[in-house]
$ cat data_5.cif   # mmCIF, C-alpha atoms
data_run
#
loop_
_atom_site.group_PDB
_atom_site.id
_atom_site.type_symbol
_atom_site.label_atom_id
_atom_site.label_comp_id
_atom_site.auth_asym_id
_atom_site.auth_seq_id
_atom_site.Cartn_x
_atom_site.Cartn_y
_atom_site.Cartn_z
ATOM 1 C CA MET A 1 0.000 0.000 0.000
ATOM 2 C CA PRO A 2 1.500 3.377 -0.970
ATOM 3 C CA SER A 3 2.241 5.937 1.696
ATOM 4 C CA THR A 4 2.350 9.680 1.017
ATOM 5 C CA VAL A 5 2.640 12.847 3.068
ATOM 6 C CA GLY A 6 2.559 16.115 1.121
ATOM 7 C CA SER A 7 5.392 15.907 -1.400
ATOM 8 C CA VAL A 8 6.987 12.857 0.227
ATOM 9 C CA PRO A 9 7.697 10.121 -2.321
ATOM 10 C CA ALA A 10 5.296 7.185 -2.064
ATOM 11 C CA PHE A 11 6.622 3.859 -0.916
ATOM 12 C CA LYS A 12 4.917 0.528 -1.182
ATOM 13 C CA VAL A 13 4.849 -2.400 1.170
ATOM 14 C CA LEU A 14 5.171 -5.629 -0.762
ATOM 15 C CA PRO A 15 3.352 -8.666 0.656
ATOM 16 C CA GLU A 16 5.455 -11.312 2.361
ATOM 17 C CA PRO A 17 5.651 -14.392 0.147
ATOM 18 C CA ALA A 18 4.942 -17.824 1.601
ATOM 19 C CA GLY A 19 7.746 -20.205 2.492
ATOM 20 C CA LEU A 20 10.413 -17.678 3.513
ATOM 21 C CA PRO A 21 13.259 -18.705 5.811
ATOM 22 C CA GLY A 22 12.904 -17.433 9.362
ATOM 23 C CA PRO A 23 14.308 -13.986 10.169
ATOM 24 C CA LEU A 24 17.673 -13.494 11.829
ATOM 25 C CA PRO A 25 17.581 -12.292 15.459
ATOM 26 C CA GLU A 26 16.012 -8.836 15.815
ATOM 27 C CA PRO A 27 14.329 -6.779 18.535
ATOM 28 C CA ALA A 28 10.629 -7.306 19.143
ATOM 29 C CA VAL A 29 8.322 -4.431 18.174
ATOM 30 C CA GLU A 30 7.809 -3.414 21.801
ATOM 31 C CA ASP A 31 11.598 -3.285 22.290
ATOM 32 C CA LEU A 32 12.248 -0.828 19.442
ATOM 33 C CA ARG A 33 13.795 2.330 20.897
ATOM 34 C CA LEU A 34 13.775 5.677 19.133
ATOM 35 C CA GLU A 35 17.338 6.559 20.140
ATOM 36 C CA THR A 36 18.604 3.231 18.747
ATOM 37 C CA VAL A 37 16.696 3.634 15.479
ATOM 38 C CA LEU A 38 17.844 7.244 15.049
ATOM 39 C CA GLY A 39 21.405 6.243 15.916
ATOM 40 C CA ALA A 40 21.392 3.629 13.159
ATOM 41 C CA LEU A 41 19.866 6.096 10.691
ATOM 42 C CA SER A 42 22.439 8.780 11.574
ATOM 43 C CA ASP A 43 24.887 7.148 9.163
ATOM 44 C CA PRO A 44 24.264 8.471 5.623
ATOM 45 C CA LEU A 45 24.999 5.099 3.998
ATOM 46 C CA ARG A 46 22.479 3.305 6.205
ATOM 47 C CA LEU A 47 19.935 6.047 5.542
ATOM 48 C CA ARG A 48 20.491 5.550 1.785
ATOM 49 C CA ILE A 49 20.014 1.787 2.176
ATOM 50 C CA VAL A 50 16.680 2.194 3.976
ATOM 51 C CA ARG A 51 15.476 4.873 1.552
ATOM 52 C CA LYS A 52 16.343 2.694 -1.445
ATOM 53 C CA LEU A 53 14.458 -0.237 0.078
ATOM 54 C CA LEU A 54 11.429 1.967 0.694
ATOM 55 C CA LEU A 55 11.314 3.615 -2.720
ATOM 56 C CA GLU A 56 12.862 1.165 -5.178
ATOM 57 C CA SER A 57 12.105 -2.355 -3.970
ATOM 58 C CA GLU A 58 11.342 -4.653 -6.858
ATOM 59 C CA GLN A 59 10.662 -7.702 -4.723
ATOM 60 C CA PHE A 60 9.976 -8.488 -1.071
ATOM 61 C CA ASP A 61 13.631 -8.496 0.018
ATOM 62 C CA HIS A 62 17.011 -7.739 -1.541
ATOM 63 C CA SER A 63 20.599 -8.930 -1.275
ATOM 64 C CA CYS A 64 23.334 -6.379 -0.605
ATOM 65 C CA GLY A 65 24.459 -6.649 -4.256
ATOM 66 C CA TRP A 66 21.144 -5.110 -5.391
ATOM 67 C CA PHE A 67 22.057 -1.785 -3.756
ATOM 68 C CA GLY A 68 25.045 -1.204 -6.060
ATOM 69 C CA LEU A 69 27.193 0.140 -3.235
ATOM 70 C CA ASP A 70 30.907 0.388 -3.935
ATOM 71 C CA ARG A 71 32.085 -0.611 -0.460
ATOM 72 C CA PRO A 72 33.987 -3.630 0.899
ATOM 73 C CA LYS A 73 31.778 -6.589 1.822
ATOM 74 C CA SER A 74 32.876 -6.362 5.472
ATOM 75 C CA THR A 75 31.745 -2.720 5.624
ATOM 76 C CA LEU A 76 28.373 -3.528 4.096
ATOM 77 C CA THR A 77 27.926 -6.481 6.464
ATOM 78 C CA HIS A 78 28.485 -4.107 9.384
ATOM 79 C CA HIS A 79 25.911 -1.594 8.115
ATOM 80 C CA PHE A 80 23.244 -4.214 7.381
ATOM 81 C CA LYS A 81 23.794 -5.763 10.818
ATOM 82 C CA ALA A 82 23.436 -2.332 12.479
ATOM 83 C CA LEU A 83 20.112 -1.778 10.686
ATOM 84 C CA ARG A 84 18.836 -5.225 11.702
ATOM 85 C CA GLU A 85 19.937 -4.922 15.327
ATOM 86 C CA ALA A 86 18.271 -1.498 15.581
ATOM 87 C CA GLY A 87 15.025 -3.086 14.338
ATOM 88 C CA ILE A 88 14.844 -1.114 11.092
ATOM 89 C CA THR A 89 15.300 -4.016 8.701
ATOM 90 C CA ARG A 90 14.518 -7.708 8.810
ATOM 91 C CA GLN A 91 17.100 -10.057 7.333
ATOM 92 C CA ARG A 92 16.685 -13.635 6.195
ATOM 93 C CA GLN A 93 19.364 -16.142 5.252
ATOM 94 C CA TYR A 94 19.028 -17.748 1.800
ATOM 95 C CA GLY A 95 21.914 -20.200 1.638
ATOM 96 C CA LEU A 96 25.032 -18.005 1.729
ATOM 97 C CA GLU A 97 23.109 -14.824 0.961
ATOM 98 C CA ARG A 98 21.266 -12.504 3.337
ATOM 99 C CA ARG A 99 18.376 -10.410 2.066
ATOM 100 C CA SER A 100 16.796 -7.401 3.746
ATOM 101 C CA HIS A 101 13.545 -5.469 3.810
ATOM 102 C CA VAL A 102 12.286 -2.612 5.988
ATOM 103 C CA ARG A 103 10.032 -3.483 8.931
ATOM 104 C CA VAL A 104 7.466 -0.924 7.759
ATOM 105 C CA ASP A 105 4.498 -2.081 9.852
ATOM 106 C CA ASP A 106 6.591 -2.405 13.018
ATOM 107 C CA LEU A 107 8.252 1.003 12.618
ATOM 108 C CA ASN A 108 4.983 2.725 11.734
ATOM 109 C CA ALA A 109 3.378 1.224 14.838
ATOM 110 C CA ARG A 110 6.148 2.501 17.130
ATOM 111 C CA PHE A 111 7.215 5.716 15.376
ATOM 112 C CA PRO A 112 4.472 7.067 13.071
ATOM 113 C CA GLY A 113 5.839 9.323 10.339
ATOM 114 C CA LEU A 114 9.477 8.247 10.685
ATOM 115 C CA LEU A 115 9.597 6.314 7.410
ATOM 116 C CA GLU A 116 7.977 9.197 5.545
ATOM 117 C CA LEU A 117 10.866 11.389 6.758
ATOM 118 C CA VAL A 118 13.374 8.795 5.564
ATOM 119 C CA ALA A 119 11.629 8.586 2.170
ATOM 120 C CA ALA A 120 11.709 12.386 1.842
ATOM 121 C CA TRP A 121 15.415 12.640 2.737
ATOM 122 C CA VAL A 122 17.691 13.733 -0.109
ATOM 123 C CA SER A 123 21.400 12.954 0.041
ATOM 124 C CA ASP A 124 24.076 15.538 -0.703
ATOM 125 C CA GLU A 125 26.108 12.750 -2.350
ATOM 126 C CA PRO A 126 25.804 12.209 -6.108
#

$ encode --input "data_5.cif" --output "structure tokens"
Amino acid sequence: MPSTVGSVPAFKVLPEPAGLPGPLPEPAVEDLRLETVLGALSDPLRLRIVRKLLLESEQFDHSCGWFGLDRPKSTLTHHFKALREAGITRQRQYGLERRSHVRVDDLNARFPGLLELVAAWVSDEP
């Protein structure tokens, strides 16, 4: 379902397909803390990752290669783990690959309007 606020870009929530592997460890919805979420989003690369997932997702979840980020794998692993541990993304293991999607319903329940702000954010980087 698309979400819009004023001139904020719309983002859609894709339905969860059946038969997915279980998610990696993450905080429960009631344990999500604003300072932890904002701390994770304070990094511009992580903010770009979440924004791209919100606005450009082509399927339910994406591997880190889909983002087209020119960073070492160890750096990307760190950033994706920080997003998952903060409760912003959910990751699932598909063989050797981890795929991520934004926990839209959970974040909207705890922090209404936060994802609209992320979607509206514009990076200074090219």

$ closest_residue --input "data_5.cif" --among "A:Gln93, A:Lys52, A:Leu83, A:Arg71" --to "Pro21 of chain A" --atoms "all atoms listed in the file"
A:Gln93

$ closest_residue --input "data_5.cif" --among "A:Leu34, A:Phe67, A:Leu114, A:Ala109" --to "Leu53 of chain A" --atoms "only C-alpha atoms"
A:Phe67

$ closest_residue --input "data_5.cif" --among "A:Pro72, A:Gly87, A:Pro9, A:Gly95" --to "Leu107 of chain A" --atoms "all atoms listed in the file"
A:Gly87

$ resolve_selection --input "data_5.cif" --expression "the PyMOL selection byres ((chain A and resi 115) around 10)" --output "list of chain:residue names"
A:Ser3, A:Phe11, A:Val50, A:Arg51, A:Leu54, A:Ile88, A:Val102, A:Arg103, A:Val104, A:Leu107, A:Asn108, A:Phe111, A:Pro112, A:Gly113, A:Leu114, A:Glu116, A:Leu117, A:Val118, A:Ala119, A:Ala120, A:Trp121

$ atom_distance --input "data_5.cif" --atom1 "atom CA of Ala40 of chain A" --atom2 "atom CA of His101 of chain A"
15.2 Å

$ residues_around --input "data_5.cif" --residues "Leu14 of chain A" --least-positions-apart "3" --cutoff "9 Å" --atoms "all atoms listed in the file" --output "list in words"
Met1, Pro17, Ser57, Glu58, Gln59, Phe60 and Asp61 of chain A

$ residues_around --input "data_5.cif" --residues "segment 73-81 of chain A" --least-positions-apart "5" --cutoff "8 Å" --atoms "all atoms listed in the file" --output "number ranges by chain"
A: 45-46, 64

$ atom_distance --input "data_5.cif" --atom1 "atom CA of Arg90 of chain A" --atom2 "atom CA of Pro23 of chain A"
6.4 Å

$ atom_distance --input "data_5.cif" --atom1 "atom CA of Arg48 of chain A" --atom2 "atom CA of Lys12 of chain A"
16.6 Å

$ axis_aligned_box --input "data_5.cif" --around "segment 91-109 of chain A" --padding-each-side "3 Å" --output "lines of an AutoDock Vina configuration file"
center_x = 14.2
center_y = -8.7
center_z = 7.9
size_x = 27.7
size_y = 28.9
size_z = 19.9

$ closest_residue --input "data_5.cif" --among "A:Trp66, A:Pro27, A:Leu96, A:Asp105" --to "Ala82 of chain A" --atoms "all atoms listed in the file"
A:Pro27

$ closest_residue --input "data_5.cif" --among "A:Asp106, A:Gly19, A:Arg99, A:Val13" --to "Glu56 of chain A" --atoms "all atoms listed in the file"
A:Val13
